[in-house]
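A.B. asks: Quick one: the structure is below, questions incoming.
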Amino acid sequence: MDSPASPDRLPRVELAAISKHFGQGDTRVDALVDVALTVRAGEVVGLRGPSGCGKSTLLNVIGCVTEPSSGWMRLDGEPVYDGRFLRRDLRRLRLTRIGFIFQTHNLLPFLNATENIAAAMELAGMGHAEARERARALLAYFDMRQMRAYPSELSGGMAQRVAIARAIANEPHIILADEPTAPLDSAHAQGVMNLLERIAREQEAAVLVVTHDESIFHRFDRLISMHDGRIEAEEVPTHPVPAA
Amino acid sequence: MNLALRDVRRNKLRFALTTLGIGMLIGVVIAMAGIYEGALTDALRLPRALDADLWVVQPRTFGPFAEPSRIPRDTRELIRRMPGVAAAGAVTFQTVQATAGRRPVRLFLEGYEIGRPGGPANLIAGHGLTESHYQIIADASSGLKVGETVPLGPYRDPFEVVGLTHGMVNSGGDPMAWVTLLDAQALQFAVPPALERREQASGRNRPTTTDINAVLVRLSPRAAPAAVAANIARWKHLAAVPEVEEERYLTAFVIQKMQAQLGMFMGILVAVSAVIITLIIYTLTMDKLRSIATLKFIGAPDRVIVAMIVQQALALGLSGFAIGLALIEKVKGGFPRRVQIEPRDLLVILAMIVVVCLAGSVLGVRAAIKVNPAEALAGG
Ligand SMILES: Nc1ncnc2c1ncn2[C@@H]1O[C@H](COP(=O)(O)OP(=O)(O)O)[C@@H](O)[C@H]1O
Ligand SMILES: [Mg+2]
């Protein structure tokens, strides 16, 4: 089996010369400067850098939530941005091709675990009964037994599992996670990484994870460092030697 | 999956209390309409129960209910002999203050001639007037009971309650009562003893006790009301008003002010409800802004978000309507005057609620559409 970073694999995310600035004149902030990035199917890529360096902005640009100022972008093989967005139904694109995982779970508080996942599938057009069944299957796959619990009744780790299940519910080819392990202890953080790795391998998804958490750096196929809106360095993290 | 419904279910208590509040507000609106309809029914009830074809009254007055009218008593005999007239009865109307038990009651007293048109219909207790003096029939809403004695007039003449009607009040809501024409005339023109002595000493003429307010005419089946009315009007001192006209005077002149008054009040209530409903929907939307941002972020179309807000607004309005209606149905018997809930009014109120809810959603929907998901979810 080839390595996840192998050029034979399909590129899911391709960015070239992407820049993004907010504001004008004195208040202008260059959040992204000339970013080039490719993430391939099956890859789990880490994104690190000091606060305010543009990590979230990069994720939002890839997620078509924030429009870049210039550059070129292709998602899942389809040209999406070329100085302007190339398609109108960006929400549909997000719904079906991209899964989002946030630092806080951002589950809908008025839906229980199963419903939160099923809602994402129903939004994409799946029937109610099928969505519900698949949501249960996903929760079981993640070893989640509290299927009817509401987000407020779940621990941080459990809620994050539900959020990940929601993100992958529509079998997206791109998964964008913004500090998904920040509120979790290290055991749960490793658990989340296990899930993301599994999704990347089994569903051939490109997974891009923003993180400050050094304890999970070794889990990435590549670790990208950003600074002041630019990609500064890229490394293949070395695995820590397991304690004897 | 209906997101609006899920939100309601998850926040049952909050929605229940909000709906209860809106329901009470809507209940007041329904009550207003019911009070107006009730007043209309009350005002028309007496002329309808008396079942006249024509009212003979003083010319250039609007008849015995809308305006005072005074004609000579022998008018009745005159009218009775006219072709086309089947029956005629002289009547008087006046308001008297009486006491039921220890409680003061105002009665709208009609004097009529026993055996002629004008008496009470459909007694629920007792019997009609049998004696020419000192008997009274009253509406049950006065609180009077059969067998009770009511002192009336300056001499506190004891009138015995011999019969009761149900639901007969005048346009002011005062219970109806009936006495003989002679008693009614005596009550109308009698003065206290001291005043009587003074008037006699000054040599002034006492007002005649032979006047009546109107003659109630029933026509024979083949008679043409317009022809008989024209015939009567040939006497310059008389005018004949058809029943439908009399009802029109009542609704146009007597009830109109009340309608305007209640209309103003309803307008204010609807405006207040609109502001409150708008605020509630706006607040509900603001509380869900993070969920709305999340939905947008993961790719839900605006249609889903707008539906969630509008459906919730309508759910609030419609449940409020149901609660308001139930509340009013429960308490309407306790109102001092008739509260009559008409399906037609309910439909209008329902339509207004739907419009108010839709308009009230606009602010919330705008806030939801405007929210930038990237900014709303930034920083955790
Ligand atoms: N909507 C926005 N409007 C203005 N400035 C923004 C906005 N979003 C991000 N920024 C700025 O862009 C820079 C990068 O922000 P961000 O991508 O959130 O950084 P990170 O996620 O790496 O902490 C910061 O200086 C931030 O203040
Ligand atoms: Mg960030």
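Labels used: A, B, ... for chains in the order of the structure tokens, numbers from 1 for residues in each chain, and numbers from 1 for ligands as shown.
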Which residues are near Ala165 of chain A? Cut-off 12 Å, only C-alpha atoms, ignore same chain within fewer than 2 positions. Put them as a ChimeraX atom specification.

C.D. replies: /A:99-101,105,107,113-121,134-144,147,158-163,167-172,175,192,195-196,199

A.B. asks: Write out as a PDB file with N, CA, C and O atoms, in the first residue's frame which residues come within 9 Å of Ala233 of chain A when counting only C-alpha atoms, dropping same-chain ones fewer than 2 positions away.

C.D. replies:
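And here's result.pdb as it stands now:
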```pdb
ATOM      1  N   LEU A 223       2.875  17.629   9.035  1.00  0.00           N
ATOM      2  CA  LEU A 223       2.559  18.690   9.982  1.00  0.00           C
ATOM      3  C   LEU A 223       3.027  20.014   9.368  1.00  0.00           C
ATOM      4  O   LEU A 223       4.214  20.181   9.058  1.00  0.00           O
ATOM      5  N   ILE A 224       2.068  20.900   9.140  1.00  0.00           N
ATOM      6  CA  ILE A 224       2.372  22.164   8.473  1.00  0.00           C
ATOM      7  C   ILE A 224       2.388  23.282   9.505  1.00  0.00           C
ATOM      8  O   ILE A 224       1.497  23.352  10.356  1.00  0.00           O
ATOM      9  N   SER A 225       3.410  24.129   9.426  1.00  0.00           N
ATOM     10  CA  SER A 225       3.502  25.253  10.354  1.00  0.00           C
ATOM     11  C   SER A 225       3.206  26.547   9.619  1.00  0.00           C
ATOM     12  O   SER A 225       3.739  26.794   8.541  1.00  0.00           O
ATOM     13  N   MET A 226       2.342  27.354  10.225  1.00  0.00           N
ATOM     14  CA  MET A 226       2.007  28.649   9.629  1.00  0.00           C
ATOM     15  C   MET A 226       2.533  29.766  10.499  1.00  0.00           C
ATOM     16  O   MET A 226       2.684  29.623  11.713  1.00  0.00           O
ATOM     17  N   ILE A 231       2.537  29.719   4.950  1.00  0.00           N
ATOM     18  CA  ILE A 231       3.007  28.389   5.326  1.00  0.00           C
ATOM     19  C   ILE A 231       4.522  28.460   5.395  1.00  0.00           C
ATOM     20  O   ILE A 231       5.188  28.829   4.429  1.00  0.00           O
ATOM     21  N   GLU A 235       6.692  19.245   7.866  1.00  0.00           N
ATOM     22  CA  GLU A 235       7.553  18.144   8.310  1.00  0.00           C
ATOM     23  C   GLU A 235       6.735  16.866   8.387  1.00  0.00           C
ATOM     24  O   GLU A 235       5.502  16.893   8.450  1.00  0.00           O
TER      25      GLU A 235
END
```

A.B. asks: Using only C-alpha atoms and all ligand atoms, which protein or nucleic acid residues are at most 7 Å from ligand 1, as a PDB file with N, CA, C and O atoms, in the first residue's frame?

C.D. replies:
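The resulting file, out01.pdb, is shown below:
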```
ATOM      1  N   PHE A  22      -8.523  40.928   5.501  1.00  0.00           N
ATOM      2  CA  PHE A  22      -9.731  41.531   6.059  1.00  0.00           C
ATOM      3  C   PHE A  22      -9.496  43.026   6.165  1.00  0.00           C
ATOM      4  O   PHE A  22      -8.394  43.469   6.461  1.00  0.00           O
ATOM      5  N   GLY A  23     -10.529  43.814   5.949  1.00  0.00           N
ATOM      6  CA  GLY A  23     -10.455  45.264   6.131  1.00  0.00           C
ATOM      7  C   GLY A  23      -9.625  45.944   5.052  1.00  0.00           C
ATOM      8  O   GLY A  23      -9.093  45.304   4.137  1.00  0.00           O
ATOM      9  N   VAL A  29      -5.851  43.478   7.568  1.00  0.00           N
ATOM     10  CA  VAL A  29      -5.149  42.331   8.153  1.00  0.00           C
ATOM     11  C   VAL A  29      -4.951  41.306   7.057  1.00  0.00           C
ATOM     12  O   VAL A  29      -5.910  40.889   6.413  1.00  0.00           O
ATOM     13  N   ASP A  30      -3.714  40.924   6.836  1.00  0.00           N
ATOM     14  CA  ASP A  30      -3.458  39.866   5.851  1.00  0.00           C
ATOM     15  C   ASP A  30      -3.459  38.537   6.567  1.00  0.00           C
ATOM     16  O   ASP A  30      -2.466  38.132   7.165  1.00  0.00           O
ATOM     17  N   ALA A  31      -4.595  37.875   6.508  1.00  0.00           N
ATOM     18  CA  ALA A  31      -4.760  36.633   7.262  1.00  0.00           C
ATOM     19  C   ALA A  31      -4.120  35.456   6.534  1.00  0.00           C
ATOM     20  O   ALA A  31      -3.603  34.534   7.168  1.00  0.00           O
ATOM     21  N   GLY A  49       0.562  26.624  14.478  1.00  0.00           N
ATOM     22  CA  GLY A  49       1.057  27.987  14.359  1.00  0.00           C
ATOM     23  C   GLY A  49       0.482  28.840  15.458  1.00  0.00           C
ATOM     24  O   GLY A  49      -0.528  28.476  16.065  1.00  0.00           O
ATOM     25  N   PRO A  50       1.123  29.966  15.720  1.00  0.00           N
ATOM     26  CA  PRO A  50       0.653  30.818  16.823  1.00  0.00           C
ATOM     27  C   PRO A  50      -0.760  31.332  16.568  1.00  0.00           C
ATOM     28  O   PRO A  50      -1.215  31.373  15.427  1.00  0.00           O
ATOM     29  N   SER A  51      -1.389  31.711  17.628  1.00  0.00           N
ATOM     30  CA  SER A  51      -2.750  32.249  17.532  1.00  0.00           C
ATOM     31  C   SER A  51      -2.760  33.470  16.614  1.00  0.00           C
ATOM     32  O   SER A  51      -1.860  34.300  16.669  1.00  0.00           O
ATOM     33  N   GLY A  52      -3.725  33.534  15.734  1.00  0.00           N
ATOM     34  CA  GLY A  52      -3.863  34.676  14.836  1.00  0.00           C
ATOM     35  C   GLY A  52      -3.055  34.543  13.564  1.00  0.00           C
ATOM     36  O   GLY A  52      -3.025  35.472  12.756  1.00  0.00           O
ATOM     37  N   CYS A  53      -2.421  33.367  13.340  1.00  0.00           N
ATOM     38  CA  CYS A  53      -1.574  33.236  12.154  1.00  0.00           C
ATOM     39  C   CYS A  53      -2.378  32.873  10.918  1.00  0.00           C
ATOM     40  O   CYS A  53      -1.837  32.826   9.815  1.00  0.00           O
ATOM     41  N   GLY A  54      -3.660  32.594  11.086  1.00  0.00           N
ATOM     42  CA  GLY A  54      -4.498  32.371   9.910  1.00  0.00           C
ATOM     43  C   GLY A  54      -4.984  30.952   9.722  1.00  0.00           C
ATOM     44  O   GLY A  54      -5.555  30.614   8.678  1.00  0.00           O
ATOM     45  N   LYS A  55      -4.821  30.097  10.740  1.00  0.00           N
ATOM     46  CA  LYS A  55      -5.210  28.693  10.602  1.00  0.00           C
ATOM     47  C   LYS A  55      -6.719  28.552  10.370  1.00  0.00           C
ATOM     48  O   LYS A  55      -7.151  27.861   9.437  1.00  0.00           O
ATOM     49  N   SER A  56      -7.503  29.211  11.207  1.00  0.00           N
ATOM     50  CA  SER A  56      -8.960  29.102  11.061  1.00  0.00           C
ATOM     51  C   SER A  56      -9.405  29.699   9.740  1.00  0.00           C
ATOM     52  O   SER A  56     -10.298  29.164   9.068  1.00  0.00           O
ATOM     53  N   THR A  57      -8.779  30.818   9.372  1.00  0.00           N
ATOM     54  CA  THR A  57      -9.143  31.444   8.106  1.00  0.00           C
ATOM     55  C   THR A  57      -8.878  30.485   6.947  1.00  0.00           C
ATOM     56  O   THR A  57      -9.703  30.364   6.027  1.00  0.00           O
ATOM     57  N   LEU A  58      -7.755  29.776   7.020  1.00  0.00           N
ATOM     58  CA  LEU A  58      -7.444  28.821   5.953  1.00  0.00           C
ATOM     59  C   LEU A  58      -8.516  27.725   5.874  1.00  0.00           C
ATOM     60  O   LEU A  58      -8.994  27.378   4.788  1.00  0.00           O
TER      61      LEU A  58
ATOM     62  N   GLU B 375     -17.818  34.071  11.421  1.00  0.00           N
ATOM     63  CA  GLU B 375     -17.614  34.993  12.543  1.00  0.00           C
ATOM     64  C   GLU B 375     -18.368  34.531  13.778  1.00  0.00           C
ATOM     65  O   GLU B 375     -17.870  34.633  14.892  1.00  0.00           O
ATOM     66  N   ALA B 378     -16.432  31.809  15.427  1.00  0.00           N
ATOM     67  CA  ALA B 378     -15.008  32.044  15.669  1.00  0.00           C
ATOM     68  C   ALA B 378     -14.725  32.038  17.161  1.00  0.00           C
ATOM     69  O   ALA B 378     -15.573  32.405  17.967  1.00  0.00           O
TER      70      ALA B 378
END
```

A.B. asks: Considering only C-alpha atoms, extract the chain B residues located within 9 Å of chain A and return them as a list in words.

C.D. replies: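 Using only C-alpha atoms, chain B residues at most 9 Å from chain A: Met1, Leu3, Arg6, Asp7, Val8, Arg9, Arg10, Asn11, Lys288, Arg290, Ser291, Ile292, Thr294, Leu295, Lys296, Phe297, Ile298, Gly299, Ala300, Pro301, Val304, Asn372, Pro373, Ala374, Leu377, Ala378, Gly379 and Gly380 of chain B.
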
A.B. asks: Extract the full set of strand (DSSP E or B) residues from segment 71-207 of chain B according to DSSP on the backbone, and format it as a ChimeraX atom specification.

C.D. replies: /B:71-72,85-100,103-112,125-126,135-139,149-152,157-165,169,175-180

A.B. asks: Residues within 9 Å of segment 315-317 of chain B, please, as a list in words. Count only C-alpha atoms; anything in the same chain fewer than 5 positions from it doesn't count.

C.D. replies: Ala4, Leu5, Phe15, Thr18, Thr19, Ile22, Gly23, Ile26, Ile277, Ile281, Val310, Ala322, Leu350, Ile353, Val354, Val356 and Cys357 of chain B

A.B. asks: Using only N, CA and C atoms, please write the residues we just selected to a file, as an mmCIF file, in the first residue's frame.

C.D. replies:
```cif
data_model
loop_
_atom_site.group_PDB
_atom_site.id
_atom_site.type_symbol
_atom_site.label_atom_id
_atom_site.label_comp_id
_atom_site.auth_asym_id
_atom_site.auth_seq_id
_atom_site.Cartn_x
_atom_site.Cartn_y
_atom_site.Cartn_z
ATOM 1 N N ALA B 4 -38.069 23.263 14.101
ATOM 2 C CA ALA B 4 -38.866 24.155 14.950
ATOM 3 C C ALA B 4 -39.536 23.355 16.062
ATOM 4 N N LEU B 5 -40.126 22.241 15.664
ATOM 5 C CA LEU B 5 -40.844 21.396 16.612
ATOM 6 C C LEU B 5 -39.898 20.816 17.667
ATOM 7 N N PHE B 15 -41.653 27.503 26.179
ATOM 8 C CA PHE B 15 -42.665 27.728 25.150
ATOM 9 C C PHE B 15 -44.060 27.766 25.759
ATOM 10 N N THR B 18 -44.524 31.155 27.348
ATOM 11 C CA THR B 18 -44.635 32.188 26.312
ATOM 12 C C THR B 18 -45.999 32.110 25.640
ATOM 13 N N THR B 19 -46.406 30.877 25.307
ATOM 14 C CA THR B 19 -47.690 30.695 24.640
ATOM 15 C C THR B 19 -48.839 31.123 25.549
ATOM 16 N N ILE B 22 -49.010 34.911 25.369
ATOM 17 C CA ILE B 22 -49.597 35.337 24.101
ATOM 18 C C ILE B 22 -51.076 34.954 24.082
ATOM 19 N N GLY B 23 -51.378 33.777 24.626
ATOM 20 C CA GLY B 23 -52.758 33.306 24.657
ATOM 21 C C GLY B 23 -53.662 34.255 25.436
ATOM 22 N N ILE B 26 -54.296 37.268 23.301
ATOM 23 C CA ILE B 26 -55.252 36.966 22.239
ATOM 24 C C ILE B 26 -56.641 36.764 22.835
ATOM 25 N N ILE B 277 -45.058 39.816 20.077
ATOM 26 C CA ILE B 277 -44.747 38.608 19.303
ATOM 27 C C ILE B 277 -43.440 38.808 18.536
ATOM 28 N N ILE B 281 -40.189 36.461 19.085
ATOM 29 C CA ILE B 281 -39.590 35.693 17.984
ATOM 30 C C ILE B 281 -38.143 36.128 17.766
ATOM 31 N N VAL B 310 -40.097 30.805 11.094
ATOM 32 C CA VAL B 310 -41.493 31.132 10.765
ATOM 33 C C VAL B 310 -42.434 30.088 11.369
ATOM 34 N N ALA B 322 -55.436 29.244 20.373
ATOM 35 C CA ALA B 322 -56.209 28.146 20.971
ATOM 36 C C ALA B 322 -56.361 28.366 22.480
ATOM 37 N N LEU B 350 -57.935 35.096 13.729
ATOM 38 C CA LEU B 350 -56.939 34.101 13.337
ATOM 39 C C LEU B 350 -56.088 34.628 12.179
ATOM 40 N N ILE B 353 -53.678 37.118 13.426
ATOM 41 C CA ILE B 353 -52.567 36.502 14.151
ATOM 42 C C ILE B 353 -51.534 35.965 13.171
ATOM 43 N N VAL B 354 -52.020 35.317 12.121
ATOM 44 C CA VAL B 354 -51.087 34.768 11.124
ATOM 45 C C VAL B 354 -50.261 35.902 10.512
ATOM 46 N N VAL B 356 -49.647 38.864 11.839
ATOM 47 C CA VAL B 356 -48.742 39.413 12.859
ATOM 48 C C VAL B 356 -47.526 38.499 13.048
ATOM 49 N N CYS B 357 -47.759 37.190 13.065
ATOM 50 C CA CYS B 357 -46.648 36.251 13.261
ATOM 51 C C CYS B 357 -45.682 36.300 12.083
#
```

A.B. asks: Please run DSSP on the backbone and report, as a PyMOL selection string, all residues within segment 30-225 of chain A that come out as alpha helix (DSSP H).

C.D. replies: chain A and resi 55-62+90-97+113-123+128-141+156-168+186-203

A.B. asks: Near Ile232 of chain B, counting only C-alpha atoms, which residues have an atom at most 9 Å away, once you skip same-chain residues fewer than 6 positions from it, shown as an NGL selection string?

C.D. replies: :B and (56 or 79 or 82 or 238-240)

A.B. asks: Hey, can you spit out that residue selection with C-alpha atoms as a short mmCIF file (atom, residue, chain, number, x, y, z; two decimals), in the first residue's frame?

C.D. replies:
```cif
data_model
loop_
_atom_site.label_atom_id
_atom_site.label_comp_id
_atom_site.auth_asym_id
_atom_site.auth_seq_id
_atom_site.Cartn_x
_atom_site.Cartn_y
_atom_site.Cartn_z
CA VAL B 56 -95.64 53.96 15.42
CA ILE B 79 -104.06 52.43 14.50
CA MET B 82 -106.71 50.86 10.16
CA LEU B 238 -97.36 60.12 13.85
CA ALA B 239 -94.65 58.25 11.99
CA ALA B 240 -94.35 54.52 11.28
#
```

A.B. asks: Hey, which of A:Asp228, A:Asp76, A:Asp221, A:Glu14 ends up closest to Val209 of chain A? Count only C-alpha atoms.

C.D. replies: A:Asp221

A.B. asks: Find the residues near Pro83 of chain B: any atom within 10 Å, counting only C-alpha atoms, skip ones fewer than 2 places away on the same chain, and give them as a count of residues only.

C.D. replies: 10

A.B. asks: Check the smallest atom-to-atom distance from each of A:Gln146, A:Arg48, A:Ser152, A:Glu214 to ligand 2 using only C-alpha atoms and all ligand atoms, then report the winner.

C.D. replies: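 So, comparing all the options, the nearest one is A:Arg48.
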
A.B. asks: So what do you get for atom CA of Phe62 of chain B versus atom CA of Ile35 of chain B, distance-wise?

C.D. replies: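 Straight-line distance from atom CA of Phe62 of chain B to atom CA of Ile35 of chain B works out to 24.7 Å.
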
A.B. asks: Which of these, A:Leu47, A:Ile216, A:Leu154, A:Ala149, has the shortest distance to ligand 2 once you count only C-alpha atoms and all ligand atoms?

C.D. replies: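 Using only C-alpha atoms and all ligand atoms, ligand 2 sits closest to A:Leu47.
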
A.B. asks: Contacts of Leu325 of chain B at 12 Å or less, counting only C-alpha atoms, minus same-chain residues fewer than 6 places along, as a PDB file with N, CA, C and O atoms, in the first residue's frame?

C.D. replies:
```pdb
ATOM      1  N   LEU B  20     -48.690  30.836  26.822  1.00  0.00           N
ATOM      2  CA  LEU B  20     -49.735  31.234  27.765  1.00  0.00           C
ATOM      3  C   LEU B  20     -49.888  32.759  27.760  1.00  0.00           C
ATOM      4  O   LEU B  20     -51.001  33.287  27.709  1.00  0.00           O
ATOM      5  N   ILE B  22     -49.010  34.911  25.369  1.00  0.00           N
ATOM      6  CA  ILE B  22     -49.597  35.337  24.101  1.00  0.00           C
ATOM      7  C   ILE B  22     -51.076  34.954  24.082  1.00  0.00           C
ATOM      8  O   ILE B  22     -51.924  35.720  23.615  1.00  0.00           O
ATOM      9  N   GLY B  23     -51.378  33.777  24.626  1.00  0.00           N
ATOM     10  CA  GLY B  23     -52.758  33.306  24.657  1.00  0.00           C
ATOM     11  C   GLY B  23     -53.662  34.255  25.436  1.00  0.00           C
ATOM     12  O   GLY B  23     -54.777  34.542  25.009  1.00  0.00           O
ATOM     13  N   MET B  24     -53.161  34.770  26.539  1.00  0.00           N
ATOM     14  CA  MET B  24     -53.990  35.680  27.333  1.00  0.00           C
ATOM     15  C   MET B  24     -54.251  36.966  26.556  1.00  0.00           C
ATOM     16  O   MET B  24     -55.359  37.505  26.562  1.00  0.00           O
ATOM     17  N   LEU B  25     -53.208  37.420  25.885  1.00  0.00           N
ATOM     18  CA  LEU B  25     -53.353  38.631  25.070  1.00  0.00           C
ATOM     19  C   LEU B  25     -54.405  38.410  23.978  1.00  0.00           C
ATOM     20  O   LEU B  25     -55.306  39.227  23.777  1.00  0.00           O
ATOM     21  N   ILE B  26     -54.296  37.268  23.301  1.00  0.00           N
ATOM     22  CA  ILE B  26     -55.252  36.966  22.239  1.00  0.00           C
ATOM     23  C   ILE B  26     -56.641  36.764  22.835  1.00  0.00           C
ATOM     24  O   ILE B  26     -57.648  37.162  22.244  1.00  0.00           O
ATOM     25  N   GLY B  27     -56.665  36.181  24.038  1.00  0.00           N
ATOM     26  CA  GLY B  27     -57.943  36.002  24.716  1.00  0.00           C
ATOM     27  C   GLY B  27     -58.658  37.336  24.915  1.00  0.00           C
ATOM     28  O   GLY B  27     -59.877  37.440  24.729  1.00  0.00           O
ATOM     29  N   VAL B  28     -57.908  38.362  25.269  1.00  0.00           N
ATOM     30  CA  VAL B  28     -58.520  39.685  25.462  1.00  0.00           C
ATOM     31  C   VAL B  28     -59.078  40.195  24.130  1.00  0.00           C
ATOM     32  O   VAL B  28     -60.178  40.760  24.083  1.00  0.00           O
ATOM     33  N   VAL B  29     -58.331  39.958  23.056  1.00  0.00           N
ATOM     34  CA  VAL B  29     -58.815  40.392  21.736  1.00  0.00           C
ATOM     35  C   VAL B  29     -60.124  39.669  21.402  1.00  0.00           C
ATOM     36  O   VAL B  29     -61.099  40.293  20.948  1.00  0.00           O
ATOM     37  N   ILE B  30     -60.150  38.357  21.658  1.00  0.00           N
ATOM     38  CA  ILE B  30     -61.366  37.584  21.380  1.00  0.00           C
ATOM     39  C   ILE B  30     -62.521  38.104  22.251  1.00  0.00           C
ATOM     40  O   ILE B  30     -63.655  38.264  21.786  1.00  0.00           O
ATOM     41  N   ALA B  31     -62.204  38.411  23.517  1.00  0.00           N
ATOM     42  CA  ALA B  31     -63.242  38.915  24.420  1.00  0.00           C
ATOM     43  C   ALA B  31     -63.821  40.233  23.908  1.00  0.00           C
ATOM     44  O   ALA B  31     -65.034  40.447  23.949  1.00  0.00           O
ATOM     45  N   MET B  32     -62.929  41.102  23.395  1.00  0.00           N
ATOM     46  CA  MET B  32     -63.386  42.393  22.851  1.00  0.00           C
ATOM     47  C   MET B  32     -64.421  42.163  21.747  1.00  0.00           C
ATOM     48  O   MET B  32     -65.481  42.789  21.736  1.00  0.00           O
ATOM     49  N   ALA B  33     -64.072  41.283  20.826  1.00  0.00           N
ATOM     50  CA  ALA B  33     -64.992  41.001  19.723  1.00  0.00           C
ATOM     51  C   ALA B  33     -66.280  40.413  20.280  1.00  0.00           C
ATOM     52  O   ALA B  33     -67.383  40.762  19.846  1.00  0.00           O
ATOM     53  N   GLY B  34     -66.138  39.528  21.284  1.00  0.00           N
ATOM     54  CA  GLY B  34     -67.298  38.884  21.874  1.00  0.00           C
ATOM     55  C   GLY B  34     -68.197  39.880  22.591  1.00  0.00           C
ATOM     56  O   GLY B  34     -69.425  39.773  22.546  1.00  0.00           O
ATOM     57  N   LEU B 318     -50.609  30.331  16.826  1.00  0.00           N
ATOM     58  CA  LEU B 318     -51.775  29.452  16.741  1.00  0.00           C
ATOM     59  C   LEU B 318     -52.075  28.799  18.091  1.00  0.00           C
ATOM     60  O   LEU B 318     -53.236  28.714  18.496  1.00  0.00           O
ATOM     61  N   SER B 319     -51.019  28.384  18.821  1.00  0.00           N
ATOM     62  CA  SER B 319     -51.316  27.822  20.143  1.00  0.00           C
ATOM     63  C   SER B 319     -51.835  28.919  21.054  1.00  0.00           C
ATOM     64  O   SER B 319     -52.696  28.673  21.896  1.00  0.00           O
ATOM     65  N   VAL B 331     -64.243  31.651  30.839  1.00  0.00           N
ATOM     66  CA  VAL B 331     -64.599  32.739  31.749  1.00  0.00           C
ATOM     67  C   VAL B 331     -65.728  33.629  31.227  1.00  0.00           C
ATOM     68  O   VAL B 331     -66.159  34.534  31.927  1.00  0.00           O
ATOM     69  N   LYS B 332     -66.212  33.370  30.009  1.00  0.00           N
ATOM     70  CA  LYS B 332     -67.145  34.342  29.440  1.00  0.00           C
ATOM     71  C   LYS B 332     -68.448  34.439  30.234  1.00  0.00           C
ATOM     72  O   LYS B 332     -69.081  35.493  30.238  1.00  0.00           O
ATOM     73  N   GLN B 340     -70.337  37.147  23.211  1.00  0.00           N
ATOM     74  CA  GLN B 340     -70.828  36.227  22.182  1.00  0.00           C
ATOM     75  C   GLN B 340     -69.734  36.008  21.155  1.00  0.00           C
ATOM     76  O   GLN B 340     -69.353  36.923  20.431  1.00  0.00           O
ATOM     77  N   ILE B 341     -69.193  34.794  21.101  1.00  0.00           N
ATOM     78  CA  ILE B 341     -68.063  34.503  20.213  1.00  0.00           C
ATOM     79  C   ILE B 341     -68.578  33.971  18.888  1.00  0.00           C
ATOM     80  O   ILE B 341     -69.215  32.917  18.833  1.00  0.00           O
ATOM     81  N   GLU B 342     -68.343  34.747  17.843  1.00  0.00           N
ATOM     82  CA  GLU B 342     -68.846  34.400  16.510  1.00  0.00           C
ATOM     83  C   GLU B 342     -67.719  33.772  15.687  1.00  0.00           C
ATOM     84  O   GLU B 342     -66.613  34.308  15.649  1.00  0.00           O
ATOM     85  N   PRO B 343     -67.979  32.652  14.997  1.00  0.00           N
ATOM     86  CA  PRO B 343     -66.960  32.028  14.146  1.00  0.00           C
ATOM     87  C   PRO B 343     -66.337  33.022  13.154  1.00  0.00           C
ATOM     88  O   PRO B 343     -65.134  32.998  12.908  1.00  0.00           O
ATOM     89  N   ASP B 345     -65.834  36.233  13.559  1.00  0.00           N
ATOM     90  CA  ASP B 345     -64.846  37.060  14.253  1.00  0.00           C
ATOM     91  C   ASP B 345     -63.578  36.268  14.519  1.00  0.00           C
ATOM     92  O   ASP B 345     -62.466  36.776  14.399  1.00  0.00           O
ATOM     93  N   LEU B 346     -63.765  34.987  14.901  1.00  0.00           N
ATOM     94  CA  LEU B 346     -62.603  34.149  15.195  1.00  0.00           C
ATOM     95  C   LEU B 346     -61.722  34.019  13.963  1.00  0.00           C
ATOM     96  O   LEU B 346     -60.497  34.063  14.052  1.00  0.00           O
ATOM     97  N   LEU B 347     -62.366  33.867  12.802  1.00  0.00           N
ATOM     98  CA  LEU B 347     -61.592  33.736  11.560  1.00  0.00           C
ATOM     99  C   LEU B 347     -60.783  34.998  11.296  1.00  0.00           C
ATOM    100  O   LEU B 347     -59.607  34.920  10.917  1.00  0.00           O
ATOM    101  N   ILE B 349     -59.752  37.183  13.518  1.00  0.00           N
ATOM    102  CA  ILE B 349     -58.673  37.274  14.510  1.00  0.00           C
ATOM    103  C   ILE B 349     -57.551  36.302  14.151  1.00  0.00           C
ATOM    104  O   ILE B 349     -56.368  36.643  14.210  1.00  0.00           O
ATOM    105  N   LEU B 350     -57.935  35.096  13.729  1.00  0.00           N
ATOM    106  CA  LEU B 350     -56.939  34.101  13.337  1.00  0.00           C
ATOM    107  C   LEU B 350     -56.088  34.628  12.179  1.00  0.00           C
ATOM    108  O   LEU B 350     -54.855  34.517  12.190  1.00  0.00           O
TER     109      LEU B 350
END
```

A.B. asks: Name the closest residue to ligand 2 among the candidates A:Arg201, A:His212, A:His239, A:Arg222; distances are taken between atoms, counting only C-alpha atoms and all ligand atoms.

C.D. replies: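 Residue with the minimum atom-to-atom distance to ligand 2: A:His212.
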
A.B. asks: Please, what distance in Å, to one decimal, runs between atom CA of Ala87 of chain B and atom CA of Leu216 of chain B?

C.D. replies: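 Atom CA of Ala87 of chain B sits 8.2 Å away from atom CA of Leu216 of chain B.
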